[in-house]
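Have a look at input.pdb below; it lists PDB, C-alpha atoms.
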```
MODEL        1
ATOM      1  CA  MET A   1      54.860-217.652 178.411
ATOM      2  CA  ALA A   2      57.592-215.911 176.392
ATOM      3  CA  THR A   3      57.788-212.196 175.687
ATOM      4  CA  SER A   4      60.551-209.757 174.866
ATOM      5  CA  SER A   5      59.463-207.008 177.252
ATOM      6  CA  LEU A   6      57.221-208.622 179.906
ATOM      7  CA  GLU A   7      54.796-205.723 179.599
ATOM      8  CA  LEU A   8      52.008-207.726 181.220
ATOM      9  CA  GLY A   9      48.548-206.256 181.568
ATOM     10  CA  ILE A  10      46.025-206.528 184.386
ATOM     11  CA  ASP A  11      44.489-209.587 182.736
ATOM     12  CA  MET A  12      47.677-211.600 183.278
ATOM     13  CA  GLY A  13      47.600-214.234 185.988
ATOM     14  CA  ALA A  14      50.176-214.813 188.720
ATOM     15  CA  VAL A  15      53.767-215.361 187.602
ATOM     16  CA  ASP A  16      55.838-217.646 189.855
ATOM     17  CA  LEU A  17      59.192-217.452 188.094
ATOM     18  CA  VAL A  18      60.754-215.262 185.402
ATOM     19  CA  ILE A  19      63.370-216.891 183.156
ATOM     20  CA  GLN A  20      65.549-214.296 181.426
ATOM     21  CA  ILE A  21      67.406-215.597 178.365
ATOM     22  CA  GLY A  22      70.576-213.553 178.110
ATOM     23  CA  SER A  23      71.631-210.674 180.312
ATOM     24  CA  PRO A  24      69.077-207.873 180.806
ATOM     25  CA  PRO A  25      70.104-204.684 178.944
ATOM     26  CA  SER A  26      70.314-202.762 182.233
ATOM     27  CA  VAL A  27      69.870-203.227 185.968
ATOM     28  CA  ALA A  28      66.563-201.345 185.838
ATOM     29  CA  ALA A  29      65.296-203.639 183.060
ATOM     30  CA  GLY A  30      66.316-206.698 185.062
ATOM     31  CA  MET A  31      64.446-205.406 188.116
ATOM     32  CA  GLN A  32      61.367-204.661 186.020
ATOM     33  CA  ARG A  33      61.309-208.082 184.395
ATOM     34  CA  VAL A  34      62.043-210.204 187.454
ATOM     35  CA  GLY A  35      59.647-208.028 189.440
ATOM     36  CA  ARG A  36      56.782-209.445 187.388
ATOM     37  CA  ALA A  37      57.071-212.630 189.431
ATOM     38  CA  GLY A  38      55.413-212.460 192.843
ATOM     39  CA  HIS A  39      53.845-209.148 191.892
ATOM     40  CA  GLN A  40      51.965-208.594 195.147
ATOM     41  CA  VAL A  41      52.493-207.191 198.630
ATOM     42  CA  ASP A  42      55.074-209.084 200.748
ATOM     43  CA  ALA A  43      55.819-211.570 197.947
ATOM     44  CA  THR A  44      59.370-212.371 196.815
ATOM     45  CA  SER A  45      60.198-211.976 193.132
ATOM     46  CA  LEU A  46      62.056-214.980 191.717
ATOM     47  CA  GLY A  47      64.040-214.916 188.487
ATOM     48  CA  VAL A  48      66.674-216.962 186.680
ATOM     49  CA  VAL A  49      69.145-215.447 184.207
ATOM     50  CA  LEU A  50      70.548-217.835 181.608
ATOM     51  CA  PRO A  51      73.698-216.378 179.956
ATOM     52  CA  GLN A  52      74.159-217.243 176.282
ATOM     53  CA  HIS A  53      77.985-217.055 176.145
ATOM     54  CA  ARG A  54      80.986-216.191 178.319
ATOM     55  CA  GLY A  55      80.772-212.486 177.607
ATOM     56  CA  ASP A  56      77.102-212.569 178.493
ATOM     57  CA  LEU A  57      77.990-214.396 181.709
ATOM     58  CA  LEU A  58      80.112-211.447 182.839
ATOM     59  CA  GLU A  59      77.335-208.937 182.246
ATOM     60  CA  SER A  60      74.743-211.237 183.843
ATOM     61  CA  ALA A  61      76.872-211.543 186.977
ATOM     62  CA  VAL A  62      77.310-207.785 187.360
ATOM     63  CA  VAL A  63      73.655-207.003 186.625
ATOM     64  CA  ALA A  64      72.469-209.674 189.066
ATOM     65  CA  GLU A  65      74.769-208.377 191.815
ATOM     66  CA  ARG A  66      73.492-204.832 191.395
ATOM     67  CA  MET A  67      69.893-206.070 191.293
ATOM     68  CA  ARG A  68      70.395-207.713 194.662
ATOM     69  CA  THR A  69      71.684-204.457 196.144
ATOM     70  CA  GLY A  70      69.069-202.315 194.378
ATOM     71  CA  THR A  71      71.719-200.257 192.587
ATOM     72  CA  ILE A  72      69.830-199.291 189.454
ATOM     73  CA  GLU A  73      70.981-196.733 186.903
ATOM     74  CA  GLU A  74      70.403-193.056 187.593
ATOM     75  CA  VAL A  75      67.073-191.825 186.269
ATOM     76  CA  HIS A  76      66.976-188.618 184.233
ATOM     77  CA  ALA A  77      63.521-187.034 184.055
ATOM     78  CA  PRO A  78      62.714-185.653 180.587
ATOM     79  CA  ARG A  79      62.353-181.903 180.272
ATOM     80  CA  ASN A  80      59.285-180.485 178.557
ATOM     81  CA  PRO A  81      58.095-183.616 176.671
ATOM     82  CA  LEU A  82      55.635-181.831 174.408
ATOM     83  CA  ASP A  83      53.940-185.006 173.148
ATOM     84  CA  VAL A  84      52.884-185.827 176.714
ATOM     85  CA  LEU A  85      51.847-182.207 177.266
ATOM     86  CA  ALA A  86      49.585-182.332 174.203
ATOM     87  CA  GLN A  87      47.965-185.563 175.428
ATOM     88  CA  GLN A  88      47.289-184.097 178.854
ATOM     89  CA  ILE A  89      45.818-180.877 177.460
ATOM     90  CA  VAL A  90      43.403-182.808 175.252
ATOM     91  CA  ALA A  91      42.343-184.957 178.233
ATOM     92  CA  MET A  92      41.928-181.933 180.519
ATOM     93  CA  THR A  93      39.877-179.876 178.071
ATOM     94  CA  ALA A  94      37.727-182.892 177.186
ATOM     95  CA  MET A  95      36.402-182.889 180.756
ATOM     96  CA  ASP A  96      36.374-179.190 181.724
ATOM     97  CA  ASP A  97      36.871-175.718 180.317
ATOM     98  CA  TRP A  98      40.259-174.220 181.187
ATOM     99  CA  SER A  99      41.760-170.795 180.972
ATOM    100  CA  VAL A 100      45.255-170.663 179.480
ATOM    101  CA  ASP A 101      46.660-169.147 182.673
ATOM    102  CA  ASP A 102      45.137-171.770 184.996
ATOM    103  CA  LEU A 103      46.244-174.592 182.717
ATOM    104  CA  GLY A 104      49.791-173.230 182.626
ATOM    105  CA  VAL A 105      49.936-172.987 186.430
ATOM    106  CA  LEU A 106      48.789-176.595 186.849
ATOM    107  CA  VAL A 107      51.119-177.966 184.160
ATOM    108  CA  ARG A 108      54.179-176.281 185.684
ATOM    109  CA  ARG A 109      53.529-178.008 189.006
ATOM    110  CA  ALA A 110      54.911-181.172 187.366
ATOM    111  CA  ALA A 111      58.709-181.409 187.600
ATOM    112  CA  SER A 112      59.131-182.136 183.889
ATOM    113  CA  PHE A 113      57.315-178.917 182.956
ATOM    114  CA  ALA A 114      58.535-176.622 185.739
ATOM    115  CA  SER A 115      60.555-174.546 183.264
ATOM    116  CA  LEU A 116      58.022-174.655 180.404
ATOM    117  CA  PRO A 117      58.199-171.297 178.547
ATOM    118  CA  ALA A 118      54.904-169.547 177.841
ATOM    119  CA  SER A 119      55.795-169.391 174.138
ATOM    120  CA  VAL A 120      56.177-173.166 173.960
ATOM    121  CA  LEU A 121      52.870-173.734 175.753
ATOM    122  CA  GLU A 122      51.133-171.384 173.323
ATOM    123  CA  ALA A 123      52.733-173.192 170.369
ATOM    124  CA  VAL A 124      51.324-176.507 171.609
ATOM    125  CA  LEU A 125      47.897-174.922 172.079
ATOM    126  CA  ASP A 126      48.113-173.473 168.567
ATOM    127  CA  MET A 127      48.847-176.930 167.160
ATOM    128  CA  LEU A 128      45.984-178.580 169.065
ATOM    129  CA  ALA A 129      43.621-175.810 167.958
ATOM    130  CA  GLY A 130      44.485-176.368 164.280
ATOM    131  CA  ARG A 131      46.956-173.572 163.677
ATOM    132  CA  TYR A 132      49.706-175.476 161.906
ATOM    133  CA  PRO A 133      53.033-174.067 160.661
ATOM    134  CA  SER A 134      52.678-175.728 157.259
ATOM    135  CA  ASP A 135      50.022-176.817 154.776
ATOM    136  CA  ALA A 136      51.482-180.325 155.045
ATOM    137  CA  PHE A 137      49.498-180.763 158.287
ATOM    138  CA  ALA A 138      46.246-179.348 156.978
ATOM    139  CA  GLU A 139      44.547-182.754 157.017
ATOM    140  CA  LEU A 140      45.025-183.092 160.789
ATOM    141  CA  ARG A 141      41.858-182.324 162.727
ATOM    142  CA  PRO A 142      41.960-179.791 165.605
ATOM    143  CA  ARG A 143      41.397-181.364 169.029
ATOM    144  CA  ILE A 144      40.548-178.269 171.072
ATOM    145  CA  THR A 145      39.017-174.838 170.587
ATOM    146  CA  TRP A 146      40.833-171.765 171.875
ATOM    147  CA  ASP A 147      38.716-168.647 172.371
ATOM    148  CA  ARG A 148      41.480-166.052 172.160
ATOM    149  CA  ALA A 149      39.197-163.247 173.300
ATOM    150  CA  THR A 150      38.469-164.903 176.648
ATOM    151  CA  GLY A 151      41.470-167.251 176.820
ATOM    152  CA  ILE A 152      39.220-170.273 177.368
ATOM    153  CA  LEU A 153      40.166-173.767 176.104
ATOM    154  CA  ARG A 154      37.514-176.393 175.335
ATOM    155  CA  GLY A 155      37.717-179.906 173.985
ATOM    156  CA  ARG A 156      36.165-180.666 170.607
ATOM    157  CA  PRO A 157      33.696-183.533 170.105
ATOM    158  CA  GLY A 158      35.528-186.853 170.269
ATOM    159  CA  ALA A 159      38.422-185.473 172.335
ATOM    160  CA  GLN A 160      37.539-187.570 175.371
ATOM    161  CA  ARG A 161      37.466-190.795 173.357
ATOM    162  CA  LEU A 162      40.744-189.866 171.707
ATOM    163  CA  ALA A 163      42.389-189.193 175.083
ATOM    164  CA  VAL A 164      41.259-192.568 176.444
ATOM    165  CA  THR A 165      42.272-194.627 173.407
ATOM    166  CA  SER A 166      45.537-192.858 172.515
ATOM    167  CA  GLY A 167      47.288-192.354 175.849
ATOM    168  CA  GLY A 168      50.848-193.363 176.637
ATOM    169  CA  THR A 169      54.186-192.807 174.936
ATOM    170  CA  ILE A 170      55.108-196.317 173.783
ATOM    171  CA  PRO A 171      55.312-196.056 169.965
ATOM    172  CA  ASP A 172      53.712-198.527 167.603
ATOM    173  CA  ARG A 173      55.949-201.068 165.914
ATOM    174  CA  GLY A 174      55.743-198.961 162.774
ATOM    175  CA  MET A 175      55.783-201.651 160.102
ATOM    176  CA  PHE A 176      53.492-201.900 157.061
ATOM    177  CA  ASP A 177      52.725-205.314 155.599
ATOM    178  CA  VAL A 178      53.268-205.554 151.847
ATOM    179  CA  PHE A 179      50.750-207.589 149.807
ATOM    180  CA  LEU A 180      50.363-208.466 146.151
ATOM    181  CA  VAL A 181      47.441-206.848 144.360
ATOM    182  CA  GLY A 182      44.824-209.298 143.136
ATOM    183  CA  GLU A 183      42.582-212.097 144.275
ATOM    184  CA  LYS A 184      45.471-214.031 145.786
ATOM    185  CA  ALA A 185      46.883-211.187 147.839
ATOM    186  CA  SER A 186      49.845-213.041 149.301
ATOM    187  CA  ARG A 187      52.169-211.266 151.706
ATOM    188  CA  VAL A 188      55.588-210.476 150.247
ATOM    189  CA  GLY A 189      57.230-208.608 153.138
ATOM    190  CA  GLU A 190      57.032-205.452 155.231
ATOM    191  CA  LEU A 191      58.267-201.860 155.077
ATOM    192  CA  ASP A 192      59.187-199.382 157.786
ATOM    193  CA  GLU A 193      56.608-196.623 158.280
ATOM    194  CA  GLU A 194      59.217-193.923 157.588
ATOM    195  CA  MET A 195      59.864-195.395 154.160
ATOM    196  CA  VAL A 196      56.145-195.733 153.474
ATOM    197  CA  TYR A 197      55.641-192.083 154.453
ATOM    198  CA  GLU A 198      58.265-191.023 151.893
ATOM    199  CA  SER A 199      56.976-193.355 149.170
ATOM    200  CA  ARG A 200      54.348-192.645 146.533
ATOM    201  CA  VAL A 201      52.206-194.730 144.207
ATOM    202  CA  SER A 202      54.258-195.982 141.190
ATOM    203  CA  ASP A 203      57.519-195.993 143.189
ATOM    204  CA  VAL A 204      59.588-199.182 142.905
ATOM    205  CA  VAL A 205      61.080-200.792 146.000
ATOM    206  CA  LEU A 206      63.243-203.845 146.576
ATOM    207  CA  LEU A 207      62.074-206.660 148.825
ATOM    208  CA  GLY A 208      64.352-209.659 148.956
ATOM    209  CA  SER A 209      65.894-209.900 145.510
ATOM    210  CA  SER A 210      62.799-208.701 143.593
ATOM    211  CA  SER A 211      61.479-205.308 142.539
ATOM    212  CA  TRP A 212      57.902-204.294 143.349
ATOM    213  CA  ARG A 213      55.829-201.359 142.105
ATOM    214  CA  ILE A 214      53.637-199.646 144.692
ATOM    215  CA  GLU A 215      50.014-199.573 143.534
ATOM    216  CA  GLU A 216      48.249-198.394 146.687
ATOM    217  CA  ILE A 217      49.100-197.297 150.238
ATOM    218  CA  THR A 218      46.401-197.830 152.874
ATOM    219  CA  ALA A 219      46.329-197.147 156.601
ATOM    220  CA  ASP A 220      48.143-200.363 157.491
ATOM    221  CA  ARG A 221      49.434-202.025 154.315
ATOM    222  CA  VAL A 222      51.090-201.443 150.958
ATOM    223  CA  LEU A 223      49.749-203.117 147.800
ATOM    224  CA  VAL A 224      52.299-203.909 145.090
ATOM    225  CA  THR A 225      52.725-205.631 141.727
ATOM    226  CA  PRO A 226      55.904-207.286 140.372
ATOM    227  CA  ALA A 227      58.312-204.984 138.528
ATOM    228  CA  PRO A 228      61.000-207.342 137.210
ATOM    229  CA  GLY A 229      64.167-205.739 135.913
ATOM    230  CA  ARG A 230      63.400-202.271 137.239
ATOM    231  CA  PRO A 231      65.770-200.721 139.794
ATOM    232  CA  GLY A 232      64.189-199.934 143.124
ATOM    233  CA  ARG A 233      64.957-198.275 146.432
ATOM    234  CA  LEU A 234      66.289-200.398 149.254
ATOM    235  CA  PRO A 235      64.038-200.531 152.350
ATOM    236  CA  PHE A 236      65.001-198.549 155.407
ATOM    237  CA  TRP A 237      67.081-200.584 157.791
ATOM    238  CA  HIS A 238      67.522-199.939 161.487
ATOM    239  CA  GLY A 239      70.601-201.191 163.308
ATOM    240  CA  ASP A 240      70.683-203.143 166.517
ATOM    241  CA  ALA A 241      69.161-201.728 169.666
ATOM    242  CA  PRO A 242      71.298-199.299 171.693
ATOM    243  CA  GLY A 243      73.940-200.899 173.865
ATOM    244  CA  ARG A 244      74.109-200.977 177.630
ATOM    245  CA  PRO A 245      73.918-197.724 179.621
ATOM    246  CA  ALA A 246      77.259-195.961 180.146
ATOM    247  CA  GLU A 247      76.871-196.320 183.904
ATOM    248  CA  LEU A 248      76.554-200.105 183.614
ATOM    249  CA  GLY A 249      79.481-200.204 181.176
ATOM    250  CA  ARG A 250      81.752-198.530 183.724
ATOM    251  CA  VAL A 251      80.681-201.002 186.411
ATOM    252  CA  LEU A 252      81.361-203.923 184.073
ATOM    253  CA  GLY A 253      84.838-202.592 183.361
ATOM    254  CA  ALA A 254      85.569-202.147 187.067
ATOM    255  CA  PHE A 255      84.374-205.687 187.811
ATOM    256  CA  LEU A 256      86.565-207.108 185.049
ATOM    257  CA  ARG A 257      89.546-205.150 186.367
ATOM    258  CA  GLU A 258      88.922-206.373 189.918
ATOM    259  CA  VAL A 259      88.441-210.033 189.028
ATOM    260  CA  GLY A 260      91.216-210.045 186.432
ATOM    261  CA  ARG A 261      93.957-209.129 188.883
ATOM    262  CA  LEU A 262      93.004-211.925 191.329
ATOM    263  CA  THR A 263      94.164-215.503 191.212
ATOM    264  CA  THR A 264      91.638-217.966 189.826
ATOM    265  CA  PRO A 265      90.610-219.380 193.242
ATOM    266  CA  ALA A 266      90.308-215.878 194.745
ATOM    267  CA  ALA A 267      88.324-214.610 191.777
ATOM    268  CA  ALA A 268      85.962-217.590 191.967
ATOM    269  CA  GLU A 269      85.465-216.885 195.667
ATOM    270  CA  ARG A 270      84.764-213.214 194.896
ATOM    271  CA  VAL A 271      82.029-214.287 192.498
ATOM    272  CA  ARG A 272      80.534-216.741 194.999
ATOM    273  CA  ALA A 273      80.609-214.087 197.737
ATOM    274  CA  ALA A 274      78.402-211.880 195.605
ATOM    275  CA  GLY A 275      75.643-214.441 196.072
ATOM    276  CA  LEU A 276      74.672-214.583 192.422
ATOM    277  CA  GLY A 277      73.396-218.151 192.515
ATOM    278  CA  LEU A 278      75.692-219.244 189.696
ATOM    279  CA  GLY A 279      76.196-222.891 188.848
ATOM    280  CA  HIS A 280      79.284-224.751 190.039
ATOM    281  CA  ARG A 281      81.116-224.188 186.733
ATOM    282  CA  GLN A 282      80.229-220.557 186.246
ATOM    283  CA  PRO A 283      82.336-218.919 189.024
ATOM    284  CA  ALA A 284      85.477-220.353 187.410
ATOM    285  CA  ALA A 285      84.358-219.239 183.937
ATOM    286  CA  LEU A 286      84.498-215.541 184.870
ATOM    287  CA  PRO A 287      88.168-215.605 185.937
ATOM    288  CA  ARG A 288      88.987-217.542 182.740
ATOM    289  CA  ARG A 289      87.260-214.797 180.801
ATOM    290  CA  ALA A 290      89.386-212.172 182.566
ATOM    291  CA  THR A 291      92.568-214.204 182.029
ATOM    292  CA  GLY A 292      91.828-214.499 178.330
ATOM    293  CA  CYS A 293      91.449-210.741 178.103
ATOM    294  CA  ARG A 294      94.719-210.241 180.023
ATOM    295  CA  ARG A 295      96.592-212.275 177.423
ATOM    296  CA  ALA A 296      95.175-210.161 174.597
ATOM    297  CA  PRO A 297      97.491-207.646 172.852
ATOM    298  CA  GLY A 298      97.762-204.497 174.944
ATOM    299  CA  GLY A 299      96.528-206.179 178.092
ATOM    300  CA  ARG A 300      93.107-206.555 179.642
ATOM    301  CA  PRO A 301      90.508-203.894 178.623
ATOM    302  CA  HIS A 302      88.562-202.481 181.547
ATOM    303  CA  ASP A 303      87.192-199.206 182.865
ATOM    304  CA  ARG A 304      90.679-197.655 182.901
ATOM    305  CA  ARG A 305      92.139-199.187 179.743
ATOM    306  CA  ARG A 306      90.812-199.358 176.214
ATOM    307  CA  ALA A 307      90.996-202.424 174.050
ATOM    308  CA  VAL A 308      93.721-202.374 171.411
ATOM    309  CA  PRO A 309      92.265-202.515 167.849
TER
ENDMDL
END
```
Would you write out, as structure tokens, the structure that this file holds?
Amino acid sequence: MATSSLELGIDMGAVDLVIQIGSPPSVAAGMQRVGRAGHQVDATSLGVVLPQHRGDLLESAVVAERMRTGTIEEVHAPRNPLDVLAQQIVAMTAMDDWSVDDLGVLVRRAASFASLPASVLEAVLDMLAGRYPSDAFAELRPRITWDRATGILRGRPGAQRLAVTSGGTIPDRGMFDVFLVGEKASRVGELDEEMVYESRVSDVVLLGSSSWRIEEITADRVLVTPAPGRPGRLPFWHGDAPGRPAELGRVLGAFLREVGRLTTPAAAERVRAAGLGLGHRQPAALPRRATGCRRAPGGRPHDRRRAVP
């Protein structure tokens, strides 16, 4: 089985071994992915990390060493995540009637909402009850009723089903498939949901090297016709995923500084002593990597020295 996130559900069978292609993006991610193997009480999680290049080998070594010691990155709890608050209020009112005061007391018992201002809570309740700050949201259906005379909150019909089917904070992929209009509705590409949201019927967009006129926008696709010769807007483009955490970056720099100032045999022994399970050629590759950086203009970049442009 191959997956980019290893978000395995309860219907997934036992996993004996996780093979990670390339270094995990963080120590926490490596622990989460390898932890999918032997996912039961008293079982040992087994994983193999396969670096893709010498630079990746360095990061893999450091991440693996910190995984073995359980030194994951510091966790920062979010403060007042209002999307989660709205989900929980809909779920709570779908099952029972709540007064605003009682709901506020319960919500603030959670660490993330301990400092939740009353004005912010009321703004979320206003939104869920259908009191929107702009006519642009008028088509959104209210999810709760708020009796302001008694201060009682109740869920509207369908709120329970909505809470069950729409929980969580993992966003959708957010891509719309683009199809030709007609009997042979072949797929011509895809557009980011942000671009689709800002597009209107008759707009012209570029896909590949061709221009396409938008004829219809549905809930999950965009229907187009060819518009040769007409200038169009370029699709939204998102850059690469964020880099490694700053905490891991500092550790990588310190490791490179430590290994780089050792002789090759001593550096190879330092790598072996970490117990990373590297192949017989890999411990020598890390010191060579550090030596190559040392010969670079300006010296070896590490946690105390920047690379020279």
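Between atom CA of A:Leu140 and atom CA of A:Pro235 there is a distance of 27.1 Å.
Excluding stretch 43-47 of chain A itself and same-chain residues fewer than 2 positions from it, the residues having an atom within 10 Å of it are Val15, Asp16, Leu17, Val18, Ile19, Gln20, Gly30, Met31, Arg33, Val34, Gly35, Arg36, Ala37, Gly38, His39, Gln40, Val41, Val49, Leu50 and Ala64 of chain A, counting only C-alpha atoms.
Residues matching the PyMOL selection byres ((chain A and resi 154-171) around 6) in this structure come to Ala91, Thr93, Ala94, Asp97, Arg143, Ile144, Thr145, Leu153 and Asp172 of chain A.
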Keeping only C-alpha atoms, write those residues as an mmCIF file, in the coordinates of the input.
```cif
data_model
loop_
_atom_site.group_PDB
_atom_site.id
_atom_site.type_symbol
_atom_site.label_atom_id
_atom_site.label_comp_id
_atom_site.auth_asym_id
_atom_site.auth_seq_id
_atom_site.Cartn_x
_atom_site.Cartn_y
_atom_site.Cartn_z
ATOM 1 C CA ALA A 91 42.343 -184.957 178.233
ATOM 2 C CA THR A 93 39.877 -179.876 178.071
ATOM 3 C CA ALA A 94 37.727 -182.892 177.186
ATOM 4 C CA ASP A 97 36.871 -175.718 180.317
ATOM 5 C CA ARG A 143 41.397 -181.364 169.029
ATOM 6 C CA ILE A 144 40.548 -178.269 171.072
ATOM 7 C CA THR A 145 39.017 -174.838 170.587
ATOM 8 C CA LEU A 153 40.166 -173.767 176.104
ATOM 9 C CA ASP A 172 53.712 -198.527 167.603
#
```
_Please list as a count of residues only every residue within 9 Å of A:Ala114, counting all atoms listed in the file and excluding residues in the same chain fewer than 4 positions away._
6
*Figure out the distance between atom CA of A:Glu59 and atom CA of A:Val259, please, to one decimal in Å.*
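Interatomic distance, atom CA of A:Val259 to atom CA of A:Glu59: 13.1 Å.
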Kindly resolve the PyMOL selection byres ((chain A and resi 63) around 12) on the present coordinates and return the residues as a short mmCIF file (atom, residue, chain, number, x, y, z; two decimals) with C-alpha atoms, keeping the file's coordinate frame.
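This went into expr-v4.cif:
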```cif
data_model
loop_
_atom_site.label_atom_id
_atom_site.label_comp_id
_atom_site.auth_asym_id
_atom_site.auth_seq_id
_atom_site.Cartn_x
_atom_site.Cartn_y
_atom_site.Cartn_z
CA GLY A 22 70.58 -213.55 178.11
CA SER A 23 71.63 -210.67 180.31
CA PRO A 24 69.08 -207.87 180.81
CA PRO A 25 70.10 -204.68 178.94
CA SER A 26 70.31 -202.76 182.23
CA VAL A 27 69.87 -203.23 185.97
CA ALA A 28 66.56 -201.34 185.84
CA ALA A 29 65.30 -203.64 183.06
CA GLY A 30 66.32 -206.70 185.06
CA MET A 31 64.45 -205.41 188.12
CA VAL A 49 69.14 -215.45 184.21
CA PRO A 51 73.70 -216.38 179.96
CA ASP A 56 77.10 -212.57 178.49
CA LEU A 57 77.99 -214.40 181.71
CA LEU A 58 80.11 -211.45 182.84
CA GLU A 59 77.33 -208.94 182.25
CA SER A 60 74.74 -211.24 183.84
CA ALA A 61 76.87 -211.54 186.98
CA VAL A 62 77.31 -207.78 187.36
CA ALA A 64 72.47 -209.67 189.07
CA GLU A 65 74.77 -208.38 191.82
CA ARG A 66 73.49 -204.83 191.40
CA MET A 67 69.89 -206.07 191.29
CA ARG A 68 70.40 -207.71 194.66
CA THR A 69 71.68 -204.46 196.14
CA GLY A 70 69.07 -202.32 194.38
CA THR A 71 71.72 -200.26 192.59
CA ILE A 72 69.83 -199.29 189.45
CA GLU A 73 70.98 -196.73 186.90
CA ARG A 244 74.11 -200.98 177.63
CA PRO A 245 73.92 -197.72 179.62
CA GLU A 247 76.87 -196.32 183.90
CA LEU A 248 76.55 -200.10 183.61
CA GLY A 249 79.48 -200.20 181.18
CA VAL A 251 80.68 -201.00 186.41
CA LEU A 252 81.36 -203.92 184.07
CA PHE A 255 84.37 -205.69 187.81
CA ALA A 274 78.40 -211.88 195.60
CA LEU A 276 74.67 -214.58 192.42
#
```
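What the PyMOL selection byres ((chain A and resi 186-192) around 9) picks from this file is A:Arg173, A:Gly174, A:Met175, A:Phe176, A:Asp177, A:Val178, A:Phe179, A:Leu180, A:Val181, A:Gly182, A:Glu183, A:Lys184, A:Ala185, A:Glu193, A:Glu194, A:Met195, A:Val196, A:Tyr197, A:Leu207, A:Gly208, A:Arg221, A:Val222, A:Val224, A:Pro235, A:Phe236, A:Trp237.
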*Using atom CA of A:Gln88 and atom CA of A:His76 as the two end points, give the distance in Å to one decimal.*
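According to the coordinates, atom CA of A:Gln88 and atom CA of A:His76 are separated by 20.9 Å.
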*Got a sec: who's within 8 Å of A:Pro81, counting only C-alpha atoms, leaving out chain neighbours fewer than 4 positions off, as a list in words?*
Leu85, Ser112 and Phe113 of chain A
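With all atoms listed in the file as the atoms that count, the minimum distance from A:Ile21 to the choices A:Leu82, A:Ala123, A:Val105, A:Val48 is reached by A:Val48.
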Will you model N, CA and C atoms for stretch 243-256 of chain A and pass it back as a short mmCIF file (atom, residue, chain, number, x, y, z; two decimals), in the frame of the given file?
```
data_model
loop_
_atom_site.label_atom_id
_atom_site.label_comp_id
_atom_site.auth_asym_id
_atom_site.auth_seq_id
_atom_site.Cartn_x
_atom_site.Cartn_y
_atom_site.Cartn_z
N GLY A 243 73.23 -200.05 172.93
CA GLY A 243 73.94 -200.90 173.86
C GLY A 243 73.59 -200.60 175.31
N ARG A 244 74.37 -201.16 176.21
CA ARG A 244 74.11 -200.98 177.63
C ARG A 244 74.32 -199.52 178.04
N PRO A 245 73.68 -199.09 179.13
CA PRO A 245 73.92 -197.72 179.62
C PRO A 245 75.38 -197.51 179.98
N ALA A 246 75.86 -196.27 179.84
CA ALA A 246 77.26 -195.96 180.15
C ALA A 246 77.59 -196.28 181.60
N GLU A 247 76.64 -196.03 182.49
CA GLU A 247 76.87 -196.32 183.90
C GLU A 247 77.13 -197.80 184.13
N LEU A 248 76.34 -198.67 183.48
CA LEU A 248 76.55 -200.10 183.61
C LEU A 248 77.86 -200.52 182.95
N GLY A 249 78.23 -199.89 181.84
CA GLY A 249 79.48 -200.20 181.18
C GLY A 249 80.68 -199.94 182.07
N ARG A 250 80.65 -198.83 182.80
CA ARG A 250 81.75 -198.53 183.72
C ARG A 250 81.84 -199.56 184.84
N VAL A 251 80.69 -199.99 185.35
CA VAL A 251 80.68 -201.00 186.41
C VAL A 251 81.22 -202.33 185.89
N LEU A 252 80.85 -202.69 184.66
CA LEU A 252 81.36 -203.92 184.07
C LEU A 252 82.88 -203.87 183.94
N GLY A 253 83.40 -202.73 183.49
CA GLY A 253 84.84 -202.59 183.36
C GLY A 253 85.55 -202.69 184.70
N ALA A 254 84.97 -202.08 185.74
CA ALA A 254 85.57 -202.15 187.07
C ALA A 254 85.55 -203.58 187.61
N PHE A 255 84.46 -204.30 187.35
CA PHE A 255 84.37 -205.69 187.81
C PHE A 255 85.42 -206.55 187.11
N LEU A 256 85.58 -206.34 185.80
CA LEU A 256 86.56 -207.11 185.05
C LEU A 256 87.98 -206.79 185.53
#
```
